[in-house]
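S.K.: For reference, this is data15.cif, and it has mmCIF, C-alpha atoms.
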```
data_final
loop_
_atom_site.label_atom_id
_atom_site.label_comp_id
_atom_site.auth_asym_id
_atom_site.auth_seq_id
_atom_site.Cartn_x
_atom_site.Cartn_y
_atom_site.Cartn_z
CA MET A 18 -120.40 -1.68 -34.16
CA THR A 19 -118.36 1.53 -33.89
CA ALA A 20 -120.12 4.54 -35.35
CA GLY A 21 -118.51 6.26 -38.30
CA PRO A 22 -118.94 6.92 -42.01
CA GLY A 23 -120.19 4.06 -44.12
CA TYR A 24 -122.96 2.54 -46.19
CA CYS A 25 -125.63 -0.11 -45.89
CA ARG A 26 -124.67 -3.11 -48.02
CA ALA A 27 -128.34 -4.05 -48.36
CA CYS A 28 -129.74 -0.79 -49.78
CA LEU A 29 -126.56 1.32 -50.22
CA ALA A 30 -127.93 4.15 -48.07
CA PRO A 31 -125.45 6.19 -46.01
CA ALA A 32 -124.92 4.75 -42.54
CA THR A 33 -126.00 6.70 -39.48
CA ASP A 34 -124.79 6.32 -35.91
CA ALA A 35 -127.37 3.58 -35.32
CA ASP A 36 -126.51 -0.12 -35.37
CA SER A 37 -128.94 -0.72 -38.22
CA CYS A 38 -129.76 1.02 -41.47
CA ALA A 39 -132.17 3.93 -41.10
CA GLU A 40 -133.60 3.21 -44.56
CA CYS A 41 -134.11 -0.59 -44.62
CA GLY A 42 -133.51 -1.63 -41.03
CA GLN A 43 -130.87 -4.23 -41.84
CA HIS A 44 -127.63 -4.61 -39.95
CA ARG A 45 -125.34 -5.01 -42.99
CA LEU A 46 -123.41 -1.80 -42.39
CA LEU A 47 -119.97 -1.24 -43.89
CA ARG A 48 -118.06 1.31 -41.85
CA HIS A 49 -114.50 2.56 -41.77
CA PRO A 50 -112.95 5.89 -40.73
CA GLU A 51 -111.27 6.20 -44.15
CA ILE A 52 -114.03 4.68 -46.27
CA ASN A 53 -114.47 7.84 -48.36
CA GLU A 54 -110.72 8.46 -48.79
CA LEU A 55 -109.51 5.17 -50.34
CA SER A 56 -109.57 4.42 -54.07
CA ILE A 57 -107.43 1.35 -54.90
CA ALA A 58 -109.44 -1.86 -55.11
CA HIS A 59 -108.99 -5.55 -55.83
CA ILE A 60 -112.03 -7.50 -57.02
CA ASP A 61 -112.02 -11.30 -56.98
CA CYS A 62 -114.88 -13.49 -58.22
CA ASP A 63 -115.78 -16.05 -55.55
CA ALA A 64 -114.96 -19.63 -56.67
CA PHE A 65 -115.63 -18.35 -60.18
CA TYR A 66 -115.88 -21.54 -62.26
CA ALA A 67 -117.91 -23.36 -59.61
CA ALA A 68 -120.13 -20.31 -59.09
CA ILE A 69 -121.00 -20.23 -62.79
CA GLU A 70 -121.88 -23.93 -62.73
CA LYS A 71 -124.09 -23.50 -59.65
CA ARG A 72 -125.76 -20.51 -61.24
CA ASP A 73 -126.65 -22.57 -64.31
CA ASP A 74 -127.76 -25.62 -62.30
CA PRO A 75 -129.50 -24.66 -59.03
CA ALA A 76 -129.56 -28.34 -58.00
CA LEU A 77 -125.83 -27.96 -57.29
CA GLU A 78 -126.31 -25.09 -54.87
CA ASP A 79 -125.61 -26.97 -51.61
CA LYS A 80 -123.41 -29.67 -53.15
CA PRO A 81 -119.60 -29.88 -53.02
CA VAL A 82 -118.53 -29.06 -56.59
CA ILE A 83 -115.05 -29.44 -58.03
CA ILE A 84 -114.06 -28.14 -61.45
CA GLY A 85 -111.18 -30.12 -62.92
CA GLY A 86 -109.92 -33.06 -64.94
CA GLY A 87 -109.44 -36.78 -64.38
CA ARG A 88 -107.85 -38.47 -61.40
CA ARG A 89 -104.36 -37.54 -62.57
CA GLY A 90 -105.37 -33.94 -63.15
CA VAL A 91 -105.66 -31.10 -60.67
CA VAL A 92 -108.45 -29.02 -59.16
CA SER A 93 -109.14 -25.85 -61.15
CA THR A 94 -111.71 -24.49 -58.69
CA ALA A 95 -113.52 -25.84 -55.67
CA CYS A 96 -116.75 -24.34 -54.37
CA TYR A 97 -116.92 -23.21 -50.75
CA VAL A 98 -118.76 -26.36 -49.70
CA ALA A 99 -115.93 -28.50 -51.07
CA ARG A 100 -113.39 -26.25 -49.38
CA LEU A 101 -114.87 -27.19 -46.02
CA TYR A 102 -113.45 -30.66 -46.68
CA GLY A 103 -110.00 -29.25 -47.38
CA VAL A 104 -110.21 -29.19 -51.17
CA LYS A 105 -108.08 -26.42 -52.71
CA SER A 106 -107.20 -25.13 -56.15
CA ALA A 107 -104.20 -26.88 -57.76
CA MET A 108 -104.66 -29.90 -55.47
CA PRO A 109 -104.19 -33.24 -57.25
CA MET A 110 -107.61 -34.61 -58.12
CA PHE A 111 -107.06 -37.94 -56.37
CA LYS A 112 -106.32 -36.13 -53.11
CA ALA A 113 -109.37 -33.90 -53.54
CA LEU A 114 -111.65 -36.90 -54.05
CA LYS A 115 -110.11 -38.66 -51.07
CA ALA A 116 -110.86 -35.62 -48.92
CA CYS A 117 -114.35 -35.19 -50.40
CA PRO A 118 -115.52 -38.48 -51.97
CA ASP A 119 -119.07 -37.17 -52.52
CA ALA A 120 -117.91 -34.21 -54.58
CA ILE A 121 -119.48 -33.58 -57.97
CA VAL A 122 -116.67 -33.21 -60.49
CA LEU A 123 -117.37 -31.15 -63.60
CA LYS A 124 -115.18 -30.51 -66.61
CA PRO A 125 -114.46 -26.82 -67.08
CA ARG A 126 -116.44 -24.89 -69.67
CA MET A 127 -113.69 -22.43 -70.47
CA SER A 128 -115.50 -20.69 -73.30
CA LEU A 129 -118.37 -19.80 -70.98
CA TYR A 130 -116.06 -18.71 -68.16
CA ALA A 131 -114.08 -16.56 -70.58
CA GLU A 132 -117.22 -14.88 -71.87
CA GLU A 133 -118.56 -14.18 -68.36
CA GLY A 134 -115.14 -12.97 -67.22
CA LYS A 135 -115.03 -10.55 -70.13
CA ARG A 136 -118.55 -9.39 -69.28
CA ILE A 137 -117.52 -8.63 -65.68
CA ARG A 138 -114.39 -6.84 -66.84
CA GLU A 139 -116.49 -4.56 -69.03
CA MET A 140 -118.61 -3.72 -65.98
CA MET A 141 -115.42 -2.76 -64.17
CA ARG A 142 -114.41 -0.51 -67.06
CA ASP A 143 -117.80 1.17 -66.84
CA ILE A 144 -116.71 2.70 -63.53
CA THR A 145 -113.01 3.37 -64.30
CA PRO A 146 -110.65 2.97 -67.26
CA ALA A 147 -107.89 1.98 -64.81
CA VAL A 148 -108.56 -1.76 -64.70
CA GLU A 149 -105.60 -4.15 -64.49
CA PRO A 150 -106.71 -7.78 -64.97
CA LEU A 151 -104.72 -10.40 -63.09
CA SER A 152 -106.63 -13.36 -64.48
CA ILE A 153 -110.00 -14.25 -65.94
CA ASP A 154 -111.72 -13.62 -62.59
CA GLU A 155 -109.78 -10.90 -60.72
CA ALA A 156 -108.46 -7.41 -61.30
CA PHE A 157 -107.10 -4.26 -59.68
CA LEU A 158 -109.04 -1.01 -60.11
CA ASP A 159 -108.01 2.58 -59.45
CA LEU A 160 -111.02 4.84 -58.86
CA THR A 161 -109.01 7.96 -58.07
CA GLY A 162 -110.81 11.01 -59.45
CA THR A 163 -114.09 9.21 -60.28
CA GLU A 164 -116.15 10.95 -57.59
CA ARG A 165 -117.49 13.65 -59.93
CA LEU A 166 -118.30 11.12 -62.65
CA HIS A 167 -120.31 8.79 -60.40
CA HIS A 168 -121.41 11.36 -57.79
CA ALA A 169 -120.15 8.98 -55.16
CA ALA A 170 -117.03 8.01 -53.26
CA PRO A 171 -115.12 5.02 -54.70
CA ALA A 172 -116.41 2.77 -51.90
CA LEU A 173 -120.04 3.41 -52.83
CA THR A 174 -119.27 2.99 -56.54
CA LEU A 175 -117.70 -0.39 -55.75
CA LEU A 176 -120.71 -1.43 -53.69
CA ARG A 177 -122.93 -0.59 -56.65
CA LEU A 178 -120.68 -2.63 -58.95
CA GLN A 179 -120.73 -5.57 -56.55
CA ARG A 180 -124.53 -5.49 -56.58
CA ARG A 181 -124.69 -5.13 -60.38
CA ILE A 182 -122.47 -8.19 -60.93
CA HIS A 183 -124.66 -10.24 -58.62
CA GLU A 184 -127.88 -9.11 -60.28
CA GLU A 185 -126.74 -9.35 -63.91
CA VAL A 186 -124.21 -12.20 -63.86
CA GLY A 187 -125.63 -14.18 -60.96
CA ILE A 188 -122.43 -14.67 -58.95
CA THR A 189 -120.77 -12.91 -56.03
CA VAL A 190 -117.46 -11.07 -55.88
CA SER A 191 -115.31 -10.01 -52.94
CA VAL A 192 -113.81 -6.53 -52.79
CA GLY A 193 -110.72 -5.23 -51.04
CA LEU A 194 -110.35 -1.44 -50.73
CA ALA A 195 -107.11 0.22 -49.62
CA TYR A 196 -104.50 2.81 -50.57
CA ASN A 197 -102.23 0.49 -52.59
CA LYS A 198 -102.38 -2.74 -54.59
CA PHE A 199 -100.78 -5.04 -52.02
CA LEU A 200 -103.21 -4.03 -49.30
CA ALA A 201 -106.20 -4.14 -51.65
CA LYS A 202 -105.42 -7.73 -52.65
CA THR A 203 -104.75 -8.67 -49.04
CA ALA A 204 -108.07 -7.14 -48.04
CA SER A 205 -110.13 -8.99 -50.67
CA ASP A 206 -109.01 -12.31 -49.17
CA GLN A 207 -110.27 -11.47 -45.68
CA ASP A 208 -114.04 -11.60 -46.11
CA LYS A 209 -115.12 -14.27 -48.58
CA PRO A 210 -117.49 -14.92 -50.22
CA ASN A 211 -119.39 -11.75 -51.13
CA GLY A 212 -117.19 -9.70 -48.85
CA PHE A 213 -116.06 -6.08 -48.71
CA PHE A 214 -113.01 -5.46 -46.55
CA ILE A 215 -111.22 -2.15 -46.03
CA LEU A 216 -107.61 -1.53 -45.01
CA GLY A 217 -106.78 2.10 -44.32
CA ARG A 218 -103.60 3.87 -43.31
CA GLY A 219 -104.67 3.80 -39.68
CA ASP A 220 -105.35 0.09 -39.29
CA ALA A 221 -103.00 -1.45 -41.90
CA PRO A 222 -99.85 -1.56 -39.69
CA GLY A 223 -101.55 -3.41 -36.84
CA PHE A 224 -103.37 -5.74 -39.23
CA LEU A 225 -100.22 -6.63 -41.17
CA ARG A 226 -98.20 -7.50 -38.09
CA ARG A 227 -100.48 -10.46 -37.41
CA GLN A 228 -100.32 -11.87 -40.94
CA SER A 229 -98.34 -14.96 -41.90
CA THR A 230 -95.57 -14.49 -44.44
CA ARG A 231 -97.29 -17.26 -46.44
CA ALA A 232 -100.29 -14.96 -46.87
CA VAL A 233 -98.21 -12.46 -48.82
CA TYR A 234 -98.71 -12.68 -52.57
CA GLY A 235 -95.41 -13.69 -54.15
CA VAL A 236 -94.04 -15.61 -51.16
CA GLY A 237 -93.94 -19.17 -52.45
CA PRO A 238 -93.57 -22.39 -50.44
CA VAL A 239 -89.77 -22.54 -50.85
CA PHE A 240 -89.21 -18.96 -49.69
CA ALA A 241 -91.72 -19.39 -46.87
CA ALA A 242 -89.98 -22.56 -45.67
CA ARG A 243 -86.63 -20.78 -45.67
CA LEU A 244 -88.08 -17.91 -43.66
CA GLU A 245 -89.67 -20.27 -41.15
CA LYS A 246 -86.38 -22.15 -40.75
CA ASP A 247 -84.91 -18.81 -39.67
CA GLY A 248 -87.79 -18.20 -37.26
CA ILE A 249 -89.69 -15.74 -39.46
CA ARG A 250 -93.35 -16.72 -39.60
CA THR A 251 -95.26 -13.45 -39.45
CA LEU A 252 -94.81 -9.96 -40.84
CA ASP A 253 -94.13 -8.85 -37.28
CA ASP A 254 -91.07 -11.13 -37.38
CA VAL A 255 -90.06 -9.44 -40.65
CA LEU A 256 -90.36 -5.99 -39.10
CA ALA A 257 -88.26 -7.12 -36.13
CA ARG A 258 -85.42 -8.13 -38.48
CA GLY A 259 -85.51 -4.83 -40.32
CA GLU A 260 -85.18 -3.95 -44.00
CA LYS A 261 -81.37 -4.07 -44.09
CA THR A 262 -81.13 -7.52 -42.52
CA MET A 263 -83.90 -8.91 -44.73
CA ALA A 264 -82.20 -7.57 -47.87
CA GLU A 265 -78.79 -8.90 -46.88
CA ARG A 266 -80.14 -12.32 -45.96
CA TYR A 267 -82.75 -12.86 -48.69
CA GLY A 268 -81.87 -10.42 -51.47
CA ASP A 269 -84.56 -8.64 -53.47
CA GLY A 270 -87.25 -10.96 -52.10
CA GLY A 271 -86.34 -10.02 -48.53
CA TYR A 272 -86.22 -6.32 -49.35
CA ARG A 273 -89.65 -6.49 -51.02
CA LEU A 274 -91.11 -8.40 -48.07
CA ALA A 275 -89.78 -5.84 -45.60
CA ARG A 276 -91.42 -3.02 -47.56
CA LEU A 277 -94.72 -4.86 -47.80
CA ALA A 278 -94.66 -5.62 -44.07
CA ARG A 279 -94.80 -1.85 -43.55
CA GLY A 280 -97.67 -1.55 -46.00
CA GLU A 281 -95.50 0.09 -48.67
CA ASP A 282 -96.29 -0.68 -52.31
CA TYR A 283 -95.72 1.98 -54.94
CA ARG A 284 -96.90 0.03 -57.97
CA THR A 285 -99.63 1.74 -59.97
CA VAL A 286 -102.72 0.13 -61.46
CA THR A 287 -101.67 -0.36 -65.07
CA PRO A 288 -104.42 -1.22 -67.59
CA ASP A 289 -101.94 -2.34 -70.25
CA ARG A 290 -99.98 -4.59 -67.88
CA SER A 291 -97.56 -6.72 -69.86
CA ARG A 292 -98.75 -10.28 -70.43
CA LYS A 293 -96.09 -12.88 -71.14
CA SER A 294 -98.01 -15.94 -72.27
CA VAL A 295 -101.27 -17.88 -72.35
CA SER A 296 -101.13 -21.66 -72.01
CA SER A 297 -103.00 -24.79 -70.95
CA GLU A 298 -101.96 -28.37 -70.30
CA THR A 299 -103.51 -31.64 -69.17
CA THR A 300 -102.18 -34.77 -67.45
CA PHE A 301 -103.57 -38.07 -68.77
CA PHE A 302 -105.15 -40.74 -66.60
CA ASP A 303 -103.11 -43.34 -68.53
CA ASP A 304 -99.96 -42.71 -70.57
CA ILE A 305 -100.68 -42.22 -74.29
CA ALA A 306 -98.57 -43.11 -77.34
CA ALA A 307 -101.13 -43.17 -80.17
CA PRO A 308 -100.77 -40.01 -82.34
CA ALA A 309 -104.51 -39.78 -82.97
CA GLU A 310 -105.28 -39.80 -79.25
CA LEU A 311 -102.57 -37.24 -78.56
CA GLU A 312 -104.05 -35.01 -81.26
CA LYS A 313 -107.46 -35.30 -79.63
CA ARG A 314 -106.06 -34.11 -76.29
CA LEU A 315 -104.05 -31.40 -78.03
CA TRP A 316 -107.18 -30.02 -79.69
CA ARG A 317 -108.94 -29.49 -76.37
CA GLN A 318 -105.94 -27.61 -74.99
CA CYS A 319 -105.88 -25.46 -78.11
CA VAL A 320 -109.53 -24.58 -77.51
CA ARG A 321 -108.78 -23.59 -73.91
CA VAL A 322 -105.84 -21.40 -74.87
CA ALA A 323 -107.88 -19.78 -77.64
CA ASP A 324 -110.71 -19.11 -75.19
CA MET A 325 -108.35 -17.44 -72.72
CA ALA A 326 -106.65 -15.43 -75.47
CA LYS A 327 -110.01 -14.22 -76.77
CA ALA A 328 -111.12 -13.29 -73.25
CA LYS A 329 -107.92 -11.27 -72.76
CA ALA A 330 -108.07 -9.89 -76.31
CA VAL A 331 -104.52 -10.97 -77.13
CA SER A 332 -102.74 -12.95 -79.84
CA GLY A 333 -99.31 -14.58 -79.86
CA HIS A 334 -96.39 -14.70 -82.28
CA VAL A 335 -94.89 -17.87 -80.74
CA VAL A 336 -96.63 -21.23 -80.35
CA THR A 337 -95.12 -23.69 -77.86
CA LEU A 338 -95.92 -27.40 -77.56
CA LYS A 339 -95.17 -29.07 -74.21
CA LEU A 340 -94.94 -32.81 -73.62
CA ARG A 341 -93.95 -34.90 -70.62
CA THR A 342 -92.87 -38.46 -71.24
CA ALA A 343 -93.76 -41.46 -69.10
CA ALA A 344 -90.26 -41.08 -67.64
CA PHE A 345 -91.13 -37.49 -66.61
CA LYS A 346 -88.83 -35.87 -69.18
CA ILE A 347 -90.19 -32.50 -70.34
CA ILE A 348 -90.06 -31.70 -74.06
CA THR A 349 -90.85 -28.26 -75.47
CA ARG A 350 -90.99 -27.31 -79.13
CA ARG A 351 -91.62 -23.78 -80.42
CA ARG A 352 -92.47 -22.11 -83.68
CA THR A 353 -92.48 -18.40 -84.41
CA LEU A 354 -95.31 -17.29 -86.70
CA SER A 355 -95.13 -14.56 -89.30
CA LYS A 356 -98.30 -13.04 -87.84
CA PRO A 357 -99.86 -13.48 -84.37
CA ALA A 358 -102.44 -16.21 -83.74
CA GLN A 359 -105.43 -16.47 -81.45
CA LEU A 360 -107.68 -19.12 -82.98
CA ALA A 361 -107.75 -22.74 -81.84
CA ASP A 362 -107.62 -23.79 -85.48
CA THR A 363 -104.25 -22.09 -85.99
CA LEU A 364 -102.83 -23.32 -82.69
CA PHE A 365 -103.85 -26.88 -83.48
CA ARG A 366 -102.35 -26.87 -86.96
CA VAL A 367 -99.01 -25.61 -85.68
CA GLY A 368 -99.10 -27.82 -82.59
CA ARG A 369 -99.96 -30.90 -84.64
CA GLU A 370 -96.94 -30.35 -86.90
CA LEU A 371 -94.69 -30.04 -83.85
CA LEU A 372 -96.28 -33.14 -82.31
CA GLU A 373 -95.73 -35.25 -85.43
CA LYS A 374 -91.96 -35.11 -84.92
CA GLU A 375 -92.24 -36.30 -81.30
CA ALA A 376 -95.04 -38.90 -81.50
CA ASP A 377 -92.67 -41.71 -82.44
CA GLY A 378 -94.09 -44.46 -80.27
CA ARG A 379 -93.03 -43.03 -76.96
CA LYS A 380 -95.65 -42.79 -74.23
CA PHE A 381 -96.58 -39.40 -72.83
CA ARG A 382 -98.35 -38.45 -69.62
CA LEU A 383 -98.95 -34.73 -70.35
CA ILE A 384 -99.55 -32.45 -73.30
CA GLY A 385 -99.88 -28.69 -73.40
CA ILE A 386 -99.95 -25.77 -75.82
CA GLY A 387 -99.33 -22.07 -75.35
CA ILE A 388 -98.76 -18.75 -77.08
CA SER A 389 -96.25 -16.07 -76.13
CA ASN A 390 -94.78 -12.82 -77.44
CA LEU A 391 -98.28 -11.43 -77.10
CA VAL A 392 -99.89 -8.44 -78.77
CA ASP A 393 -103.27 -6.87 -78.19
CA GLY A 394 -106.24 -7.65 -80.43
CA GLU A 395 -107.54 -10.42 -82.67
CA SER A 396 -105.35 -11.82 -85.41
CA ASP A 397 -105.12 -14.93 -87.62
CA PRO A 398 -105.42 -12.90 -90.86
CA ARG A 399 -105.90 -14.33 -94.32
CA ASP A 400 -103.23 -16.86 -95.32
CA LEU A 401 -102.56 -16.79 -99.07
CA LEU A 402 -101.31 -20.38 -98.90
CA ASP A 403 -104.46 -21.51 -97.13
CA PRO A 404 -107.54 -20.03 -98.85
CA ASP A 405 -109.95 -21.86 -96.54
CA ALA A 406 -108.50 -20.20 -93.40
CA PRO A 407 -110.99 -17.29 -93.35
CA LYS A 408 -113.93 -19.70 -93.55
CA ARG A 409 -112.60 -21.78 -90.66
CA ALA A 410 -111.95 -18.61 -88.66
CA ALA A 411 -115.54 -17.48 -89.16
CA ALA A 412 -116.79 -20.94 -88.23
CA GLU A 413 -114.73 -20.91 -85.03
CA ARG A 414 -116.06 -17.51 -83.99
CA ALA A 415 -119.58 -18.82 -84.53
CA MET A 416 -118.75 -21.96 -82.55
CA ASP A 417 -117.51 -19.81 -79.67
CA LYS A 418 -120.96 -18.30 -79.35
CA ALA A 419 -122.59 -21.73 -79.56
CA ARG A 420 -120.37 -23.16 -76.83
CA ALA A 421 -121.03 -20.19 -74.58
CA ARG A 422 -124.75 -20.75 -75.01
CA PHE A 423 -125.03 -24.55 -75.17
CA GLY A 424 -121.94 -25.75 -73.28
CA GLU A 425 -118.77 -27.66 -74.05
CA ASP A 426 -120.52 -30.42 -76.02
CA ALA A 427 -120.10 -28.02 -78.92
CA VAL A 428 -116.33 -28.49 -78.65
CA ILE A 429 -116.66 -31.98 -80.10
CA LYS A 430 -118.51 -30.62 -83.08
CA GLY A 431 -115.94 -27.87 -83.26
CA ARG A 432 -113.28 -30.42 -84.12
CA ALA A 433 -114.77 -30.31 -87.60
CA LEU A 434 -112.80 -27.10 -87.93
CA ARG A 435 -109.74 -29.28 -88.35
CA THR A 436 -109.34 -30.10 -91.99
CA SER A 437 -107.36 -33.05 -93.28
CA ARG A 438 -103.61 -32.69 -93.61
#
```
As a first step, turn the structure in this file into structure tokens.
M.R.:
Amino acid sequence: MTAGPGYCRACLAPATDADSCAECGQHRLLRHPEINELSIAHIDCDAFYAAIEKRDDPALEDKPVIIGGGRRGVVSTACYVARLYGVKSAMPMFKALKACPDAIVLKPRMSLYAEEGKRIREMMRDITPAVEPLSIDEAFLDLTGTERLHHAAPALTLLRLQRRIHEEVGITVSVGLAYNKFLAKTASDQDKPNGFFILGRGDAPGFLRRQSTRAVYGVGPVFAARLEKDGIRTLDDVLARGEKTMAERYGDGGYRLARLARGEDYRTVTPDRSRKSVSSETTFFDDIAAPAELEKRLWRQCVRVADMAKAKAVSGHVVTLKLRTAAFKIITRRRTLSKPAQLADTLFRVGRELLEKEADGRKFRLIGIGISNLVDGESDPRDLLDPDAPKRAAAERAMDKARARFGEDAVIKGRALRTSR
């Protein structure tokens, strides 16, 4: 290993010129010429949902675990053992089970994941207020100017955070450290799980040239296929075309890609990043027409959306119901509320009223619910036309804690929150 500044990932001692740590003797040295100069990071929890399940049930440790729904659903998360068989997130469940027939499939415990995600986010905010969540299990961090506060360079502060998450939460996270958001996110994908990868100004250009355009966040399958049809497969190919040609041929997407290929990204880490919506949907194993059964599936989606909204500390003014018929026709119905909602109880009541007008005997293969026009904070205030609303709200908050502690079986009991029409 090339000598240079760095730290031991085992004991966090400063690295010397030796190949092993002078303090603990281990060879887990993290070195980079710019390690003490970089401050933009991306942290990603490794196979988050599956990691939480394996943490809570050690018997699953070496087993292929898939978190997801029925055979007509999709994979939410696959552990690294399952990924060896080719299982990926968003893969149809029937394909995942064909690739890995011995996989253990678990239903997601969203309330628990939301609570643990919030716990990790608070740990991030302990080291910097500049935390921009991307999802329940990943975020950008800007540690610029934190050296005096933590008496350490950002890299060492991040190593300490990585260790703290492992010790207190019981899962691993991967860290990417760079000088902008694009490179930080790119870096965090390079050394998983439990990795720490650094991209500095000196090595970023050479590293990027070798990367596939498909590896760039924001380049979807359609855009990637169009690029490949034109012979553009790597960022080196993008650089060869030049910014002007890319912009003329592919518009804003081509211009953005050309800038990223040079390692240019001027976006800042924004803690109050605008969120557009929170939603959840499920595809049924068999098409459903019965209103009571549709309501049952709707309730579970309301719980998931409420869990995500609570984890993100947001509420929504608009509730949207989504249905897909057996003939694959998509139906959406919306209602704007006088005050923002976050609770599953409120979402279900509004969603059920919207569903009543559509559940006319037709068969459906999918149902979903979501909130949009988001605002920060809890909501669902007292409704003068519904005096029991505060009691149900208190009961739901209590049920959240029970589900986080005892698991999703509490969701079934939680359906008692739904009062008669």
S.K.: Quick check, in Å to one decimal: how far apart do atom CA of Arg341 of chain A and atom CA of Ala376 of chain A lie?
M.R.: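 So the answer is 11.6 Å.
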S.K.: Using only C-alpha atoms, what does the table of segment 243-299 of chain A residues within 7 Å of segment 311-330 of chain A look like, with each row giving the shortest atom pair and its distance in Å to one decimal, sorted by chain and ascending number, as CSV?
M.R.:
```
residue,atom,partner,partner_atom,distance
A:Val295,CA,A:Val322,CA,6.3
A:Ser296,CA,A:Val322,CA,5.5
A:Ser297,CA,A:Gln318,CA,5.7
A:Glu298,CA,A:Gln318,CA,6.2
```
S.K.: How many Å lie between atom CA of Val331 of chain A and atom CA of Val392 of chain A, rounded to one decimal?
M.R.: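 Going from atom CA of Val331 of chain A over to atom CA of Val392 of chain A covers 5.5 Å.
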S.K.: From the options A:Glu413, A:Ala195, A:Asp159, A:Cys117, which residue's atoms come nearest to Gly217 of chain A, counting all atoms listed in the file?
M.R.: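 Closest candidate: A:Ala195.
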S.K.: Which one is closest to Arg218 of chain A: A:Gly280, A:Pro125, A:Pro288, A:Pro109? Count only C-alpha atoms.
M.R.: A:Gly280
S.K.: Please enumerate the residues selected by the PyMOL selection byres ((chain A and resi 139) around 12) when evaluated against the supplied file, formatted as a ChimeraX atom specification.
M.R.: /A:132-138,140-150,156,178,181-182,328-329
S.K.: Write the residues of the selection above to a file with C-alpha atoms, as an mmCIF file, keeping the file's coordinate frame.
M.R.:
```cif
data_model
loop_
_atom_site.group_PDB
_atom_site.id
_atom_site.type_symbol
_atom_site.label_atom_id
_atom_site.label_comp_id
_atom_site.auth_asym_id
_atom_site.auth_seq_id
_atom_site.Cartn_x
_atom_site.Cartn_y
_atom_site.Cartn_z
ATOM 1 C CA GLU A 132 -117.220 -14.880 -71.870
ATOM 2 C CA GLU A 133 -118.560 -14.180 -68.360
ATOM 3 C CA GLY A 134 -115.140 -12.970 -67.220
ATOM 4 C CA LYS A 135 -115.030 -10.550 -70.130
ATOM 5 C CA ARG A 136 -118.550 -9.390 -69.280
ATOM 6 C CA ILE A 137 -117.520 -8.630 -65.680
ATOM 7 C CA ARG A 138 -114.390 -6.840 -66.840
ATOM 8 C CA MET A 140 -118.610 -3.720 -65.980
ATOM 9 C CA MET A 141 -115.420 -2.760 -64.170
ATOM 10 C CA ARG A 142 -114.410 -0.510 -67.060
ATOM 11 C CA ASP A 143 -117.800 1.170 -66.840
ATOM 12 C CA ILE A 144 -116.710 2.700 -63.530
ATOM 13 C CA THR A 145 -113.010 3.370 -64.300
ATOM 14 C CA PRO A 146 -110.650 2.970 -67.260
ATOM 15 C CA ALA A 147 -107.890 1.980 -64.810
ATOM 16 C CA VAL A 148 -108.560 -1.760 -64.700
ATOM 17 C CA GLU A 149 -105.600 -4.150 -64.490
ATOM 18 C CA PRO A 150 -106.710 -7.780 -64.970
ATOM 19 C CA ALA A 156 -108.460 -7.410 -61.300
ATOM 20 C CA LEU A 178 -120.680 -2.630 -58.950
ATOM 21 C CA ARG A 181 -124.690 -5.130 -60.380
ATOM 22 C CA ILE A 182 -122.470 -8.190 -60.930
ATOM 23 C CA ALA A 328 -111.120 -13.290 -73.250
ATOM 24 C CA LYS A 329 -107.920 -11.270 -72.760
#
```
